[in-house]
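Here's target.cif, which has mmCIF, C-alpha atoms:
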```cif
data_my_file
loop_
_atom_site.label_atom_id
_atom_site.label_comp_id
_atom_site.auth_asym_id
_atom_site.auth_seq_id
_atom_site.Cartn_x
_atom_site.Cartn_y
_atom_site.Cartn_z
CA MET A 993 -5.48 13.35 20.93
CA ASN A 994 -7.21 10.85 18.67
CA SER A 995 -10.64 9.29 19.03
CA ARG A 996 -11.86 8.51 22.54
CA ARG A 997 -12.18 4.82 23.32
CA ILE A 998 -15.73 3.54 23.36
CA THR A 999 -16.84 1.07 26.04
CA ALA A 1000 -19.86 -1.16 26.37
CA GLU A 1001 -21.27 1.31 28.87
CA ASP A 1002 -21.35 3.99 26.16
CA LEU A 1003 -23.80 1.78 24.28
CA ALA A 1004 -25.98 0.92 27.28
CA ASP A 1005 -28.87 3.15 26.23
CA LEU A 1006 -29.27 1.60 22.78
CA ASP A 1007 -32.10 -0.86 22.27
CA ASP A 1008 -31.82 -4.05 20.23
CA HIS A 1009 -32.86 -2.41 16.98
CA GLU A 1010 -30.42 0.44 17.42
CA LEU A 1011 -27.66 -2.00 18.29
CA ASP A 1012 -28.43 -4.00 15.16
CA GLU A 1013 -28.23 -0.88 13.03
CA LEU A 1014 -25.02 0.27 14.65
CA GLU A 1015 -23.38 -3.13 14.40
CA ARG A 1016 -24.23 -3.49 10.73
CA GLU A 1017 -22.92 -0.05 9.86
CA VAL A 1018 -19.70 -0.52 11.80
CA GLU A 1019 -19.10 -3.86 10.11
CA ARG A 1020 -19.57 -2.27 6.69
CA LEU A 1021 -17.11 0.50 7.49
CA ILE A 1022 -14.53 -1.93 8.86
CA ALA A 1023 -14.98 -3.99 5.70
CA VAL A 1024 -13.80 -1.01 3.64
CA TRP A 1025 -10.49 -1.04 5.49
CA GLN A 1026 -10.18 -4.80 5.33
CA VAL A 1027 -10.69 -4.72 1.57
CA LYS A 1028 -8.08 -1.97 1.29
CA ASN A 1029 -5.74 -4.18 3.32
CA LEU A 1030 -6.45 -7.10 1.00
CA ARG A 1031 -5.77 -5.15 -2.17
CA GLY A 1032 -2.73 -3.54 -0.59
CA THR A 1033 -1.35 -6.97 0.23
CA SER A 1034 -1.98 -8.07 -3.33
CA VAL A 1035 0.04 -5.25 -4.91
CA PHE A 1036 2.87 -5.41 -2.36
CA TRP A 1037 3.28 -9.10 -3.17
CA PHE A 1038 2.99 -8.46 -6.88
CA ASP A 1039 6.26 -6.54 -6.80
CA ASP A 1040 8.59 -9.47 -6.14
CA GLN A 1041 6.96 -11.77 -8.73
CA ARG A 1042 8.25 -14.98 -7.16
CA ILE A 1043 6.19 -17.65 -8.82
CA GLY A 1044 5.64 -20.82 -6.84
CA GLU A 1045 6.48 -19.28 -3.47
CA PRO A 1046 4.07 -20.55 -0.78
CA ARG A 1047 1.69 -17.76 0.22
CA ARG A 1048 -1.64 -17.52 1.93
CA GLU A 1049 -4.44 -17.26 -0.59
CA LEU A 1050 -5.84 -13.86 -1.47
CA HIS A 1051 -8.36 -15.02 -4.08
CA ALA A 1052 -11.75 -16.61 -3.52
CA LEU A 1053 -10.77 -19.99 -4.94
CA GLY A 1054 -13.81 -21.59 -3.35
CA HIS A 1055 -16.32 -19.40 -5.15
CA ALA A 1056 -18.36 -21.22 -7.79
CA SER A 1057 -17.45 -18.67 -10.46
CA VAL A 1058 -13.68 -19.02 -10.04
CA ASP A 1059 -11.68 -21.43 -12.19
CA ALA A 1060 -9.13 -22.15 -9.49
CA GLU A 1061 -7.00 -24.50 -11.58
CA ALA A 1062 -6.65 -22.00 -14.40
CA LEU A 1063 -5.73 -19.26 -11.92
CA LEU A 1064 -3.08 -21.44 -10.25
CA GLN A 1065 -1.67 -22.45 -13.62
CA PHE A 1066 -1.44 -18.80 -14.67
CA ARG A 1067 0.54 -18.02 -11.52
CA ARG A 1068 3.01 -20.82 -12.19
CA THR A 1069 3.84 -19.61 -15.70
CA PRO A 1070 7.09 -17.60 -15.91
CA VAL A 1071 7.23 -14.56 -18.19
CA VAL A 1072 10.87 -13.60 -17.56
CA ASP A 1073 14.05 -15.70 -17.41
CA SER A 1074 15.25 -14.16 -14.17
CA LEU A 1075 13.81 -11.87 -11.53
CA GLN A 1076 17.04 -9.89 -11.52
CA GLY A 1077 16.39 -6.27 -12.42
CA ASN A 1078 12.61 -6.68 -12.56
CA MET A 1079 10.22 -4.55 -10.52
CA LEU A 1080 6.47 -3.89 -10.36
CA VAL A 1081 5.58 -1.12 -7.94
CA HIS A 1082 1.98 -0.02 -8.31
CA PRO A 1083 0.77 2.00 -5.33
CA LEU A 1084 -2.98 2.08 -4.84
CA MET A 1085 -4.64 5.50 -4.80
CA THR A 1086 -8.06 7.10 -5.08
CA PRO A 1087 -10.02 4.25 -3.45
CA VAL A 1088 -13.77 4.01 -4.06
CA VAL A 1089 -15.19 1.03 -2.16
CA GLU A 1090 -18.84 0.06 -1.71
CA VAL A 1091 -19.82 -2.75 0.66
CA ASP A 1092 -23.18 -4.51 0.56
CA GLU A 1093 -25.74 -4.38 3.38
CA ARG A 1094 -24.53 -7.60 5.02
CA ALA A 1095 -20.83 -6.69 4.79
CA GLU A 1096 -20.14 -9.84 2.81
CA ARG A 1097 -19.40 -8.41 -0.65
CA ALA A 1098 -17.54 -5.33 -1.78
CA ARG A 1099 -16.72 -3.60 -5.03
CA GLY A 1100 -13.89 -1.18 -5.49
CA VAL A 1101 -11.81 0.78 -7.94
CA TRP A 1102 -8.34 2.13 -7.26
CA SER A 1103 -6.06 4.13 -9.55
CA SER A 1104 -2.32 3.66 -9.67
CA LEU A 1105 0.75 5.50 -10.86
CA GLY A 1106 3.43 2.86 -11.08
CA ILE A 1107 7.09 2.33 -11.79
CA GLU A 1108 8.33 -0.85 -13.35
CA ALA A 1109 11.50 -2.37 -14.69
CA LEU A 1110 11.41 -5.23 -17.17
CA SER A 1111 14.18 -7.61 -18.19
CA LYS A 1112 12.75 -10.52 -20.17
CA PHE A 1113 15.92 -12.41 -21.10
CA ARG A 1114 18.50 -11.10 -18.62
CA GLU A 1115 19.10 -8.04 -20.79
CA THR A 1116 19.54 -4.59 -19.23
CA PRO A 1117 16.11 -3.73 -17.80
CA THR A 1118 13.79 -1.23 -19.40
CA ALA A 1119 12.49 1.46 -17.03
CA ILE A 1120 8.72 1.71 -17.45
CA PHE A 1121 6.21 4.26 -16.18
CA SER A 1122 2.67 2.94 -16.08
CA ILE A 1123 -0.73 4.30 -15.09
CA GLY A 1124 -3.86 2.22 -14.66
CA PHE A 1125 -6.76 1.01 -12.58
CA VAL A 1126 -7.46 -1.87 -10.24
CA PRO A 1127 -11.21 -2.54 -10.45
CA GLY A 1128 -12.61 -5.53 -8.65
CA SER A 1129 -15.15 -7.44 -6.61
CA HIS A 1130 -14.48 -9.07 -3.27
CA VAL A 1131 -16.26 -11.60 -1.08
CA LYS A 1132 -15.79 -13.08 2.35
CA GLU A 1133 -14.47 -16.63 2.35
CA ASN A 1134 -13.68 -18.49 5.57
CA GLY A 1135 -14.11 -15.25 7.49
CA GLU A 1136 -11.58 -13.28 5.45
CA TRP A 1137 -11.99 -10.95 2.51
CA ARG A 1138 -10.82 -12.42 -0.79
CA ILE A 1139 -10.52 -11.11 -4.34
CA LEU A 1140 -13.28 -12.49 -6.54
CA GLN A 1141 -12.68 -10.58 -9.74
CA GLY A 1142 -10.60 -7.76 -11.09
CA MET A 1143 -7.72 -7.41 -13.49
CA TRP A 1144 -5.25 -4.61 -13.97
CA GLN A 1145 -6.59 -2.16 -16.52
CA ARG A 1146 -3.77 -0.30 -18.22
CA THR A 1147 -4.00 3.35 -19.18
CA THR A 1148 -0.35 3.90 -20.09
CA LYS A 1149 2.78 1.77 -20.07
CA ASN A 1150 5.73 3.48 -21.61
CA GLU A 1151 9.48 3.32 -21.67
CA TYR A 1152 10.34 5.97 -19.12
CA HIS A 1153 12.15 8.41 -21.40
CA ALA A 1154 9.80 7.98 -24.37
CA GLY A 1155 6.71 9.14 -22.45
CA TRP A 1156 3.13 7.93 -22.76
CA VAL A 1157 2.23 9.76 -25.96
CA ARG A 1158 5.00 8.21 -28.02
CA ASP A 1159 5.19 4.74 -26.54
CA MET A 1160 2.87 1.93 -25.44
CA GLN A 1161 4.41 -1.29 -24.16
CA VAL A 1162 2.27 -4.41 -24.42
CA THR A 1163 1.70 -6.82 -21.54
CA ASN A 1164 4.69 -9.13 -21.20
CA THR A 1165 3.58 -12.70 -21.93
CA ARG A 1166 5.07 -15.87 -23.36
CA PRO A 1167 4.52 -16.18 -26.23
CA PRO A 1168 4.47 -12.40 -26.73
CA LEU A 1169 1.26 -10.60 -27.65
CA SER A 1170 0.85 -8.60 -30.82
CA ALA A 1171 -0.39 -5.04 -30.41
CA GLU A 1172 -3.84 -6.18 -31.57
CA GLU A 1173 -3.96 -9.08 -29.11
CA ASP A 1174 -2.83 -6.77 -26.32
CA ARG A 1175 -5.55 -4.29 -27.25
CA ALA A 1176 -8.13 -7.03 -26.76
CA ARG A 1177 -6.89 -7.80 -23.23
CA LEU A 1178 -5.33 -5.59 -20.56
CA GLY A 1179 -4.78 -2.80 -23.06
CA ARG A 1180 -8.40 -2.62 -24.12
CA TYR A 1181 -8.99 0.80 -22.59
CA ALA A 1182 -5.41 2.02 -22.84
CA TYR A 1183 -4.55 5.53 -23.96
CA ARG A 1184 -4.25 6.22 -27.66
CA PRO A 1185 -3.22 9.62 -29.03
CA ASP A 1186 -5.89 9.45 -31.75
CA GLU A 1187 -8.88 8.37 -29.62
CA VAL A 1188 -11.27 9.87 -27.10
CA ARG A 1189 -10.70 8.11 -23.82
CA ALA A 1190 -13.27 5.52 -22.73
CA ALA A 1191 -14.83 6.18 -19.31
CA HIS A 1192 -14.02 2.76 -17.88
CA PRO A 1193 -14.05 1.53 -15.19
CA GLU A 1194 -16.78 3.51 -13.46
CA PRO A 1195 -16.11 3.62 -9.71
CA PRO A 1196 -18.85 1.65 -7.92
CA ARG A 1197 -21.85 3.83 -7.21
CA THR A 1198 -23.61 3.94 -3.87
CA ASP A 1199 -26.44 1.86 -5.33
CA THR A 1200 -24.13 -0.64 -7.00
CA TRP A 1201 -25.48 -3.61 -5.00
CA ASP A 1202 -29.07 -2.68 -5.83
CA GLU A 1203 -28.35 -2.21 -9.52
CA PHE A 1204 -26.01 -5.20 -9.88
CA PRO A 1205 -26.95 -7.67 -7.10
CA ASP A 1206 -24.94 -10.58 -8.56
CA GLU A 1207 -21.35 -10.38 -7.30
CA THR A 1208 -20.07 -11.92 -10.53
CA ASP A 1209 -21.69 -9.24 -12.67
CA ASP A 1210 -19.02 -6.70 -13.61
CA GLY A 1211 -21.44 -4.54 -15.58
CA TRP A 1212 -21.11 -1.82 -12.93
CA GLN A 1213 -17.73 -0.96 -14.43
CA ARG A 1214 -19.21 -0.40 -17.88
CA VAL A 1215 -22.19 1.84 -17.13
CA ASN A 1216 -20.69 4.63 -19.21
CA LEU A 1217 -20.28 2.38 -22.23
CA ASP A 1218 -23.56 0.49 -22.47
CA MET B 846 -23.56 -14.19 23.66
CA SER B 847 -24.91 -12.00 26.43
CA GLU B 848 -26.08 -8.44 25.83
CA GLN B 849 -23.04 -7.14 27.70
CA GLU B 850 -20.69 -9.23 25.57
CA ARG B 851 -22.42 -8.00 22.45
CA ARG B 852 -22.02 -4.37 23.48
CA GLU B 853 -18.36 -5.00 24.27
CA ARG B 854 -17.84 -6.54 20.85
CA ILE B 855 -19.49 -3.59 19.08
CA ALA B 856 -17.47 -1.13 21.18
CA ARG B 857 -14.26 -2.92 20.16
CA SER B 858 -15.28 -2.71 16.50
CA ILE B 859 -15.95 1.02 16.80
CA ASN B 860 -12.56 1.49 18.44
CA THR B 861 -10.88 -0.47 15.67
CA LEU B 862 -12.61 1.65 13.07
CA HIS B 863 -11.48 4.83 14.80
CA ALA B 864 -7.96 3.44 15.02
CA TYR B 865 -7.77 2.78 11.27
CA GLN B 866 -8.66 6.37 10.52
CA ASP B 867 -6.64 7.92 13.35
CA ILE B 868 -3.50 6.06 12.31
CA GLN B 869 -3.93 7.00 8.67
CA ASN B 870 -4.34 10.63 9.73
CA GLU B 871 -1.36 10.52 12.10
CA MET B 872 0.92 9.10 9.43
CA GLY B 873 -0.38 11.68 6.99
CA ARG B 874 0.59 14.41 9.47
CA VAL B 875 4.04 12.91 9.87
CA VAL B 876 4.57 12.84 6.12
CA ALA B 877 3.37 16.44 5.78
CA ALA B 878 5.77 17.47 8.55
CA PHE B 879 8.59 15.63 6.77
CA ASN B 880 7.82 17.41 3.52
CA TYR B 881 7.66 20.79 5.29
CA ARG B 882 10.86 20.10 7.29
CA GLN B 883 9.13 20.34 10.68
CA ALA B 884 11.20 18.24 13.05
CA ASP B 885 9.20 19.15 16.16
CA LYS B 886 5.95 18.01 14.61
CA ILE B 887 7.51 14.68 13.68
CA LEU B 888 9.03 14.14 17.10
CA GLU B 889 5.81 14.86 18.96
CA ARG B 890 4.26 11.89 17.16
CA PHE B 891 6.94 9.43 18.32
CA ALA B 892 6.62 7.53 21.61
CA LEU B 893 9.76 9.17 22.99
CA HIS B 894 8.90 8.06 26.52
CA LEU B 895 9.77 4.47 25.55
CA ASP B 896 13.38 3.29 25.73
CA ASP B 897 13.13 1.15 22.60
CA VAL B 898 11.38 3.66 20.34
CA SER B 899 13.19 3.53 17.00
CA LEU B 900 13.59 5.03 13.54
CA GLU B 901 15.42 3.34 10.69
CA TYR B 902 15.72 4.75 7.22
CA ALA B 903 17.29 3.49 4.01
CA ASP B 904 20.83 2.29 4.75
CA GLU B 905 21.56 5.04 7.24
CA GLY B 906 21.15 2.65 10.16
CA LEU B 907 18.79 1.99 13.02
CA PHE B 908 18.32 4.79 15.55
CA ARG B 909 17.10 3.20 18.75
CA GLY B 910 16.10 5.08 21.87
CA PRO B 911 14.64 8.56 22.42
CA ASP B 912 17.98 10.35 22.22
CA ALA B 913 19.03 8.68 18.96
CA VAL B 914 15.61 9.26 17.33
CA GLU B 915 15.52 12.90 18.36
CA THR B 916 19.10 13.47 17.21
CA ILE B 917 18.66 12.06 13.72
CA VAL B 918 15.31 13.77 13.13
CA ARG B 919 16.74 17.13 14.17
CA GLU B 920 19.93 16.67 12.14
CA THR B 921 18.09 15.68 8.95
CA VAL B 922 14.54 17.01 8.86
CA GLY B 923 15.46 19.84 11.20
CA ARG B 924 18.17 21.29 8.99
CA THR B 925 17.40 24.81 7.84
CA PRO B 926 15.63 24.52 4.48
CA ARG B 927 17.42 26.11 1.55
CA PRO B 928 15.92 27.82 -1.51
CA GLY B 929 15.16 25.29 -4.21
CA GLU B 930 15.01 22.33 -1.86
CA MET B 931 11.90 20.17 -1.88
CA TYR B 932 10.72 16.85 -0.51
CA ASP B 933 7.26 15.71 -1.55
CA VAL B 934 6.38 12.24 -0.32
CA HIS B 935 2.85 10.80 -0.56
CA LEU B 936 1.10 8.09 1.42
CA THR B 937 -0.62 5.37 -0.59
CA THR B 938 -1.64 1.72 -0.34
CA PRO B 939 -2.34 1.55 3.39
CA VAL B 940 -2.39 -1.84 5.07
CA ILE B 941 -3.23 -1.33 8.76
CA GLU B 942 -3.90 -3.96 11.42
CA VAL B 943 -5.04 -3.02 14.90
CA ALA B 944 -4.36 -5.44 17.76
CA GLU B 945 -7.34 -7.15 19.35
CA ASP B 946 -6.37 -5.53 22.65
CA GLU B 947 -6.54 -2.11 20.89
CA GLN B 948 -3.20 -1.07 22.40
CA THR B 949 -0.98 -1.24 19.30
CA ALA B 950 -1.20 -1.31 15.52
CA LYS B 951 1.04 -2.33 12.63
CA ALA B 952 0.96 -0.60 9.26
CA ILE B 953 2.71 -0.20 5.93
CA TRP B 954 2.35 2.27 3.10
CA TRP B 955 3.94 2.70 -0.28
CA ALA B 956 5.29 6.25 -0.37
CA PRO B 957 6.04 7.56 -3.86
CA GLY B 958 7.80 10.87 -3.85
CA ALA B 959 9.68 13.53 -5.72
CA ALA B 960 12.43 15.77 -4.46
CA SER B 961 14.70 18.63 -5.45
CA LEU B 962 18.06 18.08 -3.83
CA LEU B 963 20.86 20.57 -3.56
CA ASP B 964 24.50 19.86 -4.10
CA GLU B 965 27.12 22.41 -3.27
CA ASN B 966 27.32 25.15 -5.93
CA ALA B 967 24.87 23.39 -8.24
CA GLU B 968 21.32 23.78 -9.48
CA PRO B 969 18.69 21.74 -7.66
CA SER B 970 18.49 18.17 -8.95
CA ALA B 971 15.12 16.58 -9.65
CA VAL B 972 15.01 13.18 -7.99
CA TRP B 973 12.51 10.36 -7.68
CA MET B 974 12.29 9.11 -4.13
CA TRP B 975 9.95 6.15 -3.66
CA GLY B 976 9.89 3.97 -0.60
CA THR B 977 7.87 1.78 1.73
CA ILE B 978 7.04 2.87 5.27
CA ALA B 979 6.50 0.24 7.95
CA ALA B 980 5.46 1.37 11.40
CA ASP B 981 4.30 0.17 14.78
CA PHE B 982 1.95 2.42 16.68
CA ILE B 983 1.21 2.36 20.39
CA ARG B 984 -1.82 3.82 22.10
CA VAL B 985 -0.92 6.27 24.84
CA ASP B 986 -3.99 7.61 26.62
CA ASP B 987 -6.16 8.47 23.60
CA SER B 988 -3.34 9.12 21.13
CA TRP B 989 -1.61 6.83 18.65
CA LEU B 990 2.16 7.36 18.70
CA ILE B 991 4.85 5.87 16.49
CA TYR B 992 6.74 3.14 18.35
CA HIS B 993 8.98 1.88 15.52
CA LEU B 994 9.28 3.33 12.03
CA HIS B 995 11.34 1.90 9.19
CA TYR B 996 11.60 3.59 5.78
CA PHE B 997 12.66 1.12 3.09
CA THR B 998 14.02 2.71 -0.09
CA VAL B 999 12.52 1.43 -3.35
CA ILE B 1000 14.19 3.91 -5.70
CA LYS B 1001 16.16 7.10 -5.30
CA SER B 1002 17.21 8.18 -8.73
CA SER B 1003 17.75 11.16 -10.94
CA TYR B 1004 14.56 12.23 -12.70
CA ASP B 1005 16.50 12.60 -15.95
CA LYS B 1006 18.14 9.18 -15.87
CA GLY B 1007 15.38 7.15 -14.21
CA TRP B 1008 15.72 4.14 -11.91
CA VAL B 1009 17.49 1.81 -14.29
CA GLU B 1010 20.22 4.13 -15.55
CA ASP B 1011 20.91 5.90 -12.28
CA THR B 1012 22.32 3.67 -9.61
CA ASP B 1013 24.46 6.39 -8.00
CA LEU B 1014 22.10 7.01 -5.13
CA VAL B 1015 21.12 3.45 -4.39
CA HIS B 1016 24.00 2.87 -2.01
CA ARG B 1017 25.10 5.42 0.50
CA ALA B 1018 28.36 7.18 -0.02
CA ASN B 1019 31.31 5.62 1.74
CA THR B 1020 31.00 7.82 4.77
CA PRO B 1021 30.79 6.70 8.40
CA LEU B 1022 27.47 5.72 9.85
CA HIS B 1023 26.07 8.22 12.29
CA PRO B 1024 27.65 7.59 15.69
CA LYS B 1025 24.24 6.97 17.21
CA ALA B 1026 23.16 4.51 14.50
CA GLN B 1027 23.12 0.76 14.85
CA SER B 1028 23.56 -1.45 11.78
CA SER B 1029 20.74 -1.46 9.23
CA THR B 1030 18.35 -4.40 9.56
CA HIS B 1031 17.43 -4.52 5.87
CA HIS B 1032 18.24 -2.56 2.72
CA ASN B 1033 17.34 -3.85 -0.73
CA PRO B 1034 16.33 -1.01 -3.03
CA TYR B 1035 15.69 -1.56 -6.70
CA THR B 1036 18.78 -1.88 -8.85
CA PRO B 1037 19.15 -3.40 -12.33
CA THR B 1038 21.03 -6.31 -10.74
CA SER B 1039 18.96 -6.93 -7.60
CA VAL B 1040 15.91 -9.10 -6.96
CA ARG B 1041 12.87 -7.65 -5.21
CA ASP B 1042 11.92 -9.38 -1.98
CA ALA B 1043 8.56 -7.94 -0.89
CA LEU B 1044 9.84 -6.54 2.38
CA PRO B 1045 8.62 -5.04 4.60
CA ALA B 1046 6.07 -7.76 5.15
CA VAL B 1047 2.38 -7.01 5.12
CA PRO B 1048 0.97 -6.93 8.68
CA ARG B 1049 -1.56 -9.57 9.69
CA PRO B 1050 -4.35 -9.49 12.26
CA TYR B 1051 -2.94 -10.11 15.74
CA ALA B 1052 -3.99 -10.26 19.37
CA ASP B 1053 -1.32 -8.34 21.25
CA TYR B 1054 2.03 -6.80 20.43
CA ASP B 1055 5.00 -9.08 19.82
CA GLY B 1056 7.70 -6.68 18.63
CA PRO B 1057 8.74 -5.16 15.29
CA GLY B 1058 10.04 -8.43 13.84
CA TRP B 1059 6.99 -8.72 11.58
CA MET B 1060 8.49 -6.10 9.26
CA LEU B 1061 11.17 -8.55 8.10
CA GLU B 1062 9.00 -11.70 8.15
CA ARG B 1063 9.56 -13.62 4.90
CA ASP B 1064 6.98 -16.33 5.45
CA LYS B 1065 3.93 -15.25 3.45
CA THR B 1066 1.82 -18.25 4.39
CA LYS B 1067 0.84 -16.84 7.80
#
```

What's the structure tokens form of this structure?
Amino acid sequence: MNSRRITAEDLADLDDHELDELEREVERLIAVWQVKNLRGTSVFWFDDQRIGEPRRELHALGHASVDAEALLQFRRTPVVDSLQGNMLVHPLMTPVVEVDERAERARGVWSSLGIEALSKFRETPTAIFSIGFVPGSHVKENGEWRILQGMWQRTTKNEYHAGWVRDMQVTNTRPPLSAEEDRARLGRYAYRPDEVRAAHPEPPRTDTWDEFPDETDDGWQRVNLD
Amino acid sequence: MSEQERRERIARSINTLHAYQDIQNEMGRVVAAFNYRQADKILERFALHLDDVSLEYADEGLFRGPDAVETIVRETVGRTPRPGEMYDVHLTTPVIEVAEDEQTAKAIWWAPGAASLLDENAEPSAVWMWGTIAADFIRVDDSWLIYHLHYFTVIKSSYDKGWVEDTDLVHRANTPLHPKAQSSTHHNPYTPTSVRDALPAVPRPYADYDGPGWMLERDKTK
């Protein structure tokens, strides 16, 4: 047997203040699941990589901080000749999600062990094993949770047989990135055999919305570095 | 909004919150039972009282109806485990939507896994086994039971070769479908020559249950 269904009669003894408190807390807890659903949708869709396919919007394009045109242009830019043989499967694990008092903003960090296959020019694909993080901020837009910020942060990305100590693949772009350019972007905090690992991103702390009240401030991820 | 309506709305929200967690727990128990080869524990979480309860996995076909579901679970999961055999599937990336009427729910998970499979007279083979689980749940009294479950293979490949070099296990051997299986509704695992298609679909908020067709919905604008 799972949880017993609650009815309005179960709440009959609560006064207005208690109802307010209960309602706010329930909304915050539901928001955690809705944000998980949002991020889950994002990574499931990421797998097929079909640029230009009509899809409902997952990002907060209406937020003042978002450059919607640049984001849409980025999505329209191909990085492989054909989708044949390509794959991006990055399951989301280890969720840490903190929702603000009004259940209108949320921050989260997920980790991911992923499998990929990359064929840039219709060549035989390369099998890739990749570990990383999905840190991000989320806001409600038109009644639905949307992604405000957050880019994939790579830890490892290696040809499957080579392993993560011997190999680091750079992000696939056109034109291609040099290792130095890659290090300045998604590979900034990536594993290196000769370095102590940077503690980034920090999962959002319980006081994240008190310490970083601006939803566009991503300093909460860097608290171990500053 | 009247006070009564407000209390009803809050009660619905609490029930939805419980449902999210209950369904995640139930599916976690099913996966644990699969890994431990416990057919009875899997079957007790299916809505076997419903004529159209179903289980579909990989390209082994659709098993519709209580008898077909029970048969395939007992013949596969219920086989006597052998030394060296292992299935270890994990639940990740939950997307769960509970109907407004609180009677059903739709959910998907990515399920990365590893296995040790036994061939006749051979050492166990290390295998990657990653898939996507899509499921409908139905509320029966105060329990959430699986109404329809579909396991979509993403990869099933030798650990040594990896998912690009090993395509041996992508397609089932040329053996007859189980006599109680209906044709597969969808099978598109990763291969070096295939194109991913983001199925099963991601469930969306909904009012009341309208069948398992959402799993194969290609329109992502809804």

Please produce, as a Markdown table, a per-residue contact table for chain A versus chain B (criterion: any atom at most 6 Å away, all atoms listed in the file considered), showing the nearest atom pair and its distance in Å to one decimal, sorted by chain then residue number.
```
| residue | atom | partner | partner_atom | distance |
| --- | --- | --- | --- | --- |
| A:Met993 | CA | B:Ser988 | CA | 4.7 |
| A:Asn994 | CA | B:Ser988 | CA | 4.9 |
| A:Arg996 | CA | B:Asp987 | CA | 5.8 |
| A:Arg997 | CA | B:Asn860 | CA | 5.9 |
| A:Ile998 | CA | B:Ala856 | CA | 5.4 |
| A:Thr999 | CA | B:Ala856 | CA | 5.4 |
| A:Ala1000 | CA | B:Glu853 | CA | 4.6 |
| A:Ile1022 | CA | B:Leu862 | CA | 5.9 |
| A:Asn1029 | CA | B:Val940 | CA | 4.4 |
| A:Gly1032 | CA | B:Thr938 | CA | 5.4 |
| A:Trp1037 | CA | B:Ala1043 | CA | 5.9 |
| A:Asp1040 | CA | B:Arg1041 | CA | 4.7 |
| A:Arg1047 | CA | B:Thr1066 | CA | 4.2 |
| A:Arg1048 | CA | B:Thr1066 | CA | 4.3 |
| A:Leu1075 | CA | B:Val1040 | CA | 5.7 |
| A:Gln1076 | CA | B:Val1040 | CA | 4.8 |
| A:Gly1077 | CA | B:Pro1037 | CA | 4.0 |
| A:Pro1083 | CA | B:Thr938 | CA | 5.5 |
| A:Leu1084 | CA | B:Thr938 | CA | 4.7 |
| A:Met1085 | CA | B:Thr937 | CA | 5.8 |
| A:Ala1119 | CA | B:Val1009 | CA | 5.7 |
```

Assuming the chain letters and numbering stay as they are in my file, what does the PyMOL selection byres ((chain A and resi 1123-1137) around 8) actually select? List them as a PyMOL selection string.
chain A and resi 1026-1027+1030+1050+1052+1054+1096-1106+1121-1122+1138-1149+1193+1195+1207-1208+1213

For C-alpha atoms, I'd like the residues from the last selection saved as an mmCIF file, in the frame of the given file.
```cif
data_model
loop_
_atom_site.group_PDB
_atom_site.id
_atom_site.type_symbol
_atom_site.label_atom_id
_atom_site.label_comp_id
_atom_site.auth_asym_id
_atom_site.auth_seq_id
_atom_site.Cartn_x
_atom_site.Cartn_y
_atom_site.Cartn_z
ATOM 1 C CA GLN A 1026 -10.180 -4.800 5.330
ATOM 2 C CA VAL A 1027 -10.690 -4.720 1.570
ATOM 3 C CA LEU A 1030 -6.450 -7.100 1.000
ATOM 4 C CA LEU A 1050 -5.840 -13.860 -1.470
ATOM 5 C CA ALA A 1052 -11.750 -16.610 -3.520
ATOM 6 C CA GLY A 1054 -13.810 -21.590 -3.350
ATOM 7 C CA GLU A 1096 -20.140 -9.840 2.810
ATOM 8 C CA ARG A 1097 -19.400 -8.410 -0.650
ATOM 9 C CA ALA A 1098 -17.540 -5.330 -1.780
ATOM 10 C CA ARG A 1099 -16.720 -3.600 -5.030
ATOM 11 C CA GLY A 1100 -13.890 -1.180 -5.490
ATOM 12 C CA VAL A 1101 -11.810 0.780 -7.940
ATOM 13 C CA TRP A 1102 -8.340 2.130 -7.260
ATOM 14 C CA SER A 1103 -6.060 4.130 -9.550
ATOM 15 C CA SER A 1104 -2.320 3.660 -9.670
ATOM 16 C CA LEU A 1105 0.750 5.500 -10.860
ATOM 17 C CA GLY A 1106 3.430 2.860 -11.080
ATOM 18 C CA PHE A 1121 6.210 4.260 -16.180
ATOM 19 C CA SER A 1122 2.670 2.940 -16.080
ATOM 20 C CA ARG A 1138 -10.820 -12.420 -0.790
ATOM 21 C CA ILE A 1139 -10.520 -11.110 -4.340
ATOM 22 C CA LEU A 1140 -13.280 -12.490 -6.540
ATOM 23 C CA GLN A 1141 -12.680 -10.580 -9.740
ATOM 24 C CA GLY A 1142 -10.600 -7.760 -11.090
ATOM 25 C CA MET A 1143 -7.720 -7.410 -13.490
ATOM 26 C CA TRP A 1144 -5.250 -4.610 -13.970
ATOM 27 C CA GLN A 1145 -6.590 -2.160 -16.520
ATOM 28 C CA ARG A 1146 -3.770 -0.300 -18.220
ATOM 29 C CA THR A 1147 -4.000 3.350 -19.180
ATOM 30 C CA THR A 1148 -0.350 3.900 -20.090
ATOM 31 C CA LYS A 1149 2.780 1.770 -20.070
ATOM 32 C CA PRO A 1193 -14.050 1.530 -15.190
ATOM 33 C CA PRO A 1195 -16.110 3.620 -9.710
ATOM 34 C CA GLU A 1207 -21.350 -10.380 -7.300
ATOM 35 C CA THR A 1208 -20.070 -11.920 -10.530
ATOM 36 C CA GLN A 1213 -17.730 -0.960 -14.430
#
```

Atom pair CA of Ala903 (chain B) / CA of His1016 (chain B): separation (Å):
9.0 Å

Rounded to one decimal place, report the CA of Glu901 (chain B)-CA of Val934 (chain B) distance in Å.
16.8 Å

Could you pull the residues within 6 Å of region 961-973 of chain B, counting all atoms listed in the file, minus those fewer than 5 positions along the same chain, as an NGL selection string?
:B and (930-931 or 1001-1004)
